[in-house]
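J.: First, the structure itself, so that you have it in front of you.
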Amino acid sequence: MEQLIIFVILIGLGYTAGTIAERRHYRSIEDRELRFLNLPAVTVKNVLSRDDEIFKAWLVSGNVVISIDYFKRVLAGLRNIFGGEVRAYETLIDRARREAVLRMKESAHGANIILNLRIETSAIGQSANRRKSIGSIEAIAYGTAVTLKKTE
Amino acid sequence: MKYTAKALKGNVNVSRTSPIKEFFILLSGVLGIVILVYVALGFAVDFVVSRLPLEIEQNLGSLYSGIYVNTEKTGAGIRLQKILDELVEKNPLINSRQQEEPEYKVHLVPHSQANAIALPGGNIVVFSALIKEVDSENALAFVLAHELGHFANKDHLRGLGRRLVLLSISTALLGADSSVSNLIMNSLVNVEMKFSRRQETMADIWALDLLNRRYGHVSGASEFFENMSKKEKRGRILYYFAIHPYPEDRINALEDRIQKKGYLEKEKIPLDKVFEDLPVKPAGSGK
């Protein structure tokens, strides 16, 4: 009986805290994405017509580790039984990816564009190596920041 | 190439569905399947239990009661065995020779819990604290008869079987230590207890009939429960989660049966001197 009570408390706590944290994070992500709207990050390697237009090029990266709450973990566990889209993990991946790109952009001071953008994710944390459980994920975004020569 | 800064509207990567709704749909699905399998396997257990050869049962019994069987018989233990033997003689199953009966043995074990248990192979274990709760031989005989009732209804095997079924389902489905399997376990344990309580009531009724056959009256039948209910501090609500029915409910059920059958109340036989001052703590360390 105690176990059941603890379980329900953990679920409730996980849901409340997880939802609040997620909402807050999305608000922050959207704000910052607007701020960095003028710094595009693209996957192409070369958009420039001539190499001598480049003033400076350097590697930039940003990474983040995000964990899901207990409620979503249980929800995903239940989903594992029946199969289908694991919607519980969607926001986790989405937030990690966007946050990593934002951090990368934040580190690219003075760049006009970020070329050759790559994003990678990996499961980390204590439960990462255990079967059937995802604890937290890391997303790393990296690319080549480029400052162009002033024309005119 | 001209770059135009434009913010994206919406998010295609995140589904706009309610996770709570999804949670309850999935949870009810899992619980539904588990209950279905549990009920089906429960029937399988009932089927096997009524056909289990005595030999296998006794093998099982030696596995379970090995630690009790080897305890040395004291004066009180011998007296208790005599009360049991006299009851067994009046056992309707023996007299009708409908089925093979194991040799019933009672083991008196020092323990602070007022309880008695029926183990496979005809072994009854009585905890010494229980004897402190009764004042007459009749009441003690009723407790033994109650355990004989469990044997008659094969509850001792059923209980083992159902618990085994329960455990195997959740571990097969979700692995030994998953939070989901813990939840299922906990919600089903309460269902299991309702089965148990029905079995307890049935064993009570069976014991009452046997007590009447042995002594010619039923005095002392509810004595143990009366003494327990006086001591009982827990309320009726908490008893919902207990294996045994509320003592007062058991007394009422017994009284109904006494009235229906017209059983008599006569002088009780006082408890033998050997039952005085039994130790309630195990002699050695551990169990």
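Chains: A, B, ... in order of the structure tokens. Residues: from 1 per chain. Ligands: from 1, in order shown.
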Need the shell around Asp204 of chain B: protein/DNA/RNA residues with any atom at most 8 Å away, counting only C-alpha atoms. Skip same-chain ones fewer than 2 positions apart. Format as a list in words?

T.: His146, Gly149, Glu200, Thr201, Met202, Trp206, Ala207, Leu208, Arg250 and Leu254 of chain B

J.: Based on only C-alpha atoms, which of the residues in chain A come within 9 Å of chain B? I want them as an MDAnalysis selection string.

T.: chainID A and resid 1 3:4 7:8 15 33:34 37:40 47:48 71:72 74:79 81:82 87:88 90:91 93:94

J.: With only C-alpha atoms as the counted atoms, please give the residues lying no more than 10 Å from Glu22 of chain A, apart from itself and same-chain residues fewer than 4 positions off, as a PyMOL selection string.

T.: chain A and resi 16-18+26-28+68-69+91-92+95

J.: Name all residues at most 10 Å from segment 213-223 of chain B (count only C-alpha atoms; drop same-chain ones fewer than 6 positions away) and give them as number ranges by chain.

T.: B: 86-92, 133-143, 145-146, 204, 207, 229, 247-248, 250-255, 258, 262-269

J.: Selected residues, C-alpha atoms, written as a short mmCIF file (atom, residue, chain, number, x, y, z; two decimals), in the first residue's frame, please.

T.:
```
data_model
loop_
_atom_site.label_atom_id
_atom_site.label_comp_id
_atom_site.auth_asym_id
_atom_site.auth_seq_id
_atom_site.Cartn_x
_atom_site.Cartn_y
_atom_site.Cartn_z
CA GLU B 86 -9.69 -35.69 18.12
CA LEU B 87 -11.00 -33.10 15.68
CA VAL B 88 -9.61 -34.92 12.65
CA GLU B 89 -11.50 -38.07 13.70
CA LYS B 90 -14.71 -36.13 13.19
CA ASN B 91 -13.55 -34.68 9.88
CA PRO B 92 -16.36 -35.43 7.40
CA GLU B 133 -5.73 -15.02 23.45
CA VAL B 134 -7.94 -18.02 24.24
CA ASP B 135 -9.29 -19.17 27.59
CA SER B 136 -10.75 -22.59 26.77
CA GLU B 137 -9.88 -25.75 24.90
CA ASN B 138 -12.98 -25.27 22.77
CA ALA B 139 -11.68 -21.97 21.45
CA LEU B 140 -8.31 -23.54 20.68
CA ALA B 141 -10.06 -26.41 18.92
CA PHE B 142 -12.00 -23.89 16.84
CA VAL B 143 -8.76 -22.30 15.66
CA ALA B 145 -10.72 -26.59 13.00
CA HIS B 146 -10.52 -23.32 11.07
CA ASP B 204 -14.96 -20.32 9.86
CA ALA B 207 -14.82 -25.08 11.58
CA SER B 229 -11.73 -7.37 18.81
CA PRO B 247 -13.29 -9.75 13.96
CA GLU B 248 -16.80 -8.44 14.66
CA ARG B 250 -16.63 -12.91 11.78
CA ILE B 251 -18.46 -13.14 15.10
CA ASN B 252 -21.68 -12.02 13.39
CA ALA B 253 -21.24 -14.59 10.61
CA LEU B 254 -20.72 -17.32 13.21
CA GLU B 255 -23.78 -16.27 15.19
CA ILE B 258 -25.39 -20.95 15.00
CA GLY B 262 -29.70 -24.45 16.00
CA TYR B 263 -26.31 -25.29 17.54
CA LEU B 264 -26.18 -25.45 21.34
CA GLU B 265 -24.03 -23.52 23.82
CA LYS B 266 -22.70 -25.54 26.77
CA GLU B 267 -19.95 -25.52 29.39
CA LYS B 268 -16.49 -24.91 27.96
CA ILE B 269 -13.50 -27.12 28.80
#
```

J.: Record the distance separating atom CA of Gly42 of chain B and atom CA of Val125 of chain B, expressed in Å with one decimal.

T.: 25.9 Å

J.: I'd like the interatomic distance between atom CA of Arg118 of chain A and atom CA of Arg24 of chain A, to a tenth of an Å.

T.: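 Going from atom CA of Arg118 of chain A over to atom CA of Arg24 of chain A covers 26.0 Å.
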
J.: Which residues, written as a tab-separated table (two decimals) with C-alpha atoms, in the first residue's frame, have at least one atom at most 12 Å from Ile66 of chain A, with only C-alpha atoms counted and residues fewer than 2 positions away on the same chain left out?

T.:
```
chain	number	residue	atom	x	y	z
A	18	GLY	CA	7.61	18.46	-15.44
A	21	ALA	CA	9.53	23.22	-16.30
A	22	GLU	CA	8.60	22.35	-19.85
A	25	HIS	CA	11.66	26.23	-21.10
A	63	ASN	CA	25.17	21.26	-25.89
A	64	VAL	CA	22.52	20.52	-23.28
A	68	ILE	CA	12.21	13.66	-18.52
A	69	ASP	CA	9.99	13.61	-15.46
A	89	TYR	CA	9.56	11.71	-25.49
A	91	THR	CA	9.09	17.36	-26.18
A	92	LEU	CA	12.26	16.02	-24.57
A	93	ILE	CA	13.97	15.62	-27.95
A	94	ASP	CA	12.54	18.86	-29.34
A	95	ARG	CA	13.63	20.95	-26.39
A	96	ALA	CA	17.11	19.46	-26.28
A	97	ARG	CA	17.67	19.99	-29.98
A	98	ARG	CA	16.47	23.59	-30.02
A	99	GLU	CA	18.28	24.48	-26.82
A	100	ALA	CA	21.55	23.07	-28.19
A	121	THR	CA	21.93	13.16	-29.45
A	122	SER	CA	22.89	10.48	-27.00
A	123	ALA	CA	21.29	8.96	-23.92
A	124	ILE	CA	23.27	9.61	-20.80
A	125	GLY	CA	22.84	9.35	-17.06
A	134	ILE	CA	15.85	6.50	-21.04
A	135	GLY	CA	16.99	8.76	-18.24
A	136	SER	CA	18.18	11.93	-19.85
A	137	ILE	CA	19.39	12.86	-23.28
A	138	GLU	CA	22.23	15.04	-24.43
A	139	ALA	CA	21.95	17.07	-27.61
A	140	ILE	CA	25.01	18.67	-29.12
```

J.: Which polymer residues have any atom within 8 Å of an atom of segment 101-115 of chain A, counting only C-alpha atoms, with same-chain residues fewer than 4 positions away left out, as a PyMOL selection string?

T.: chain A and resi 29+32-33+36+39-46+60-63+97+140-148
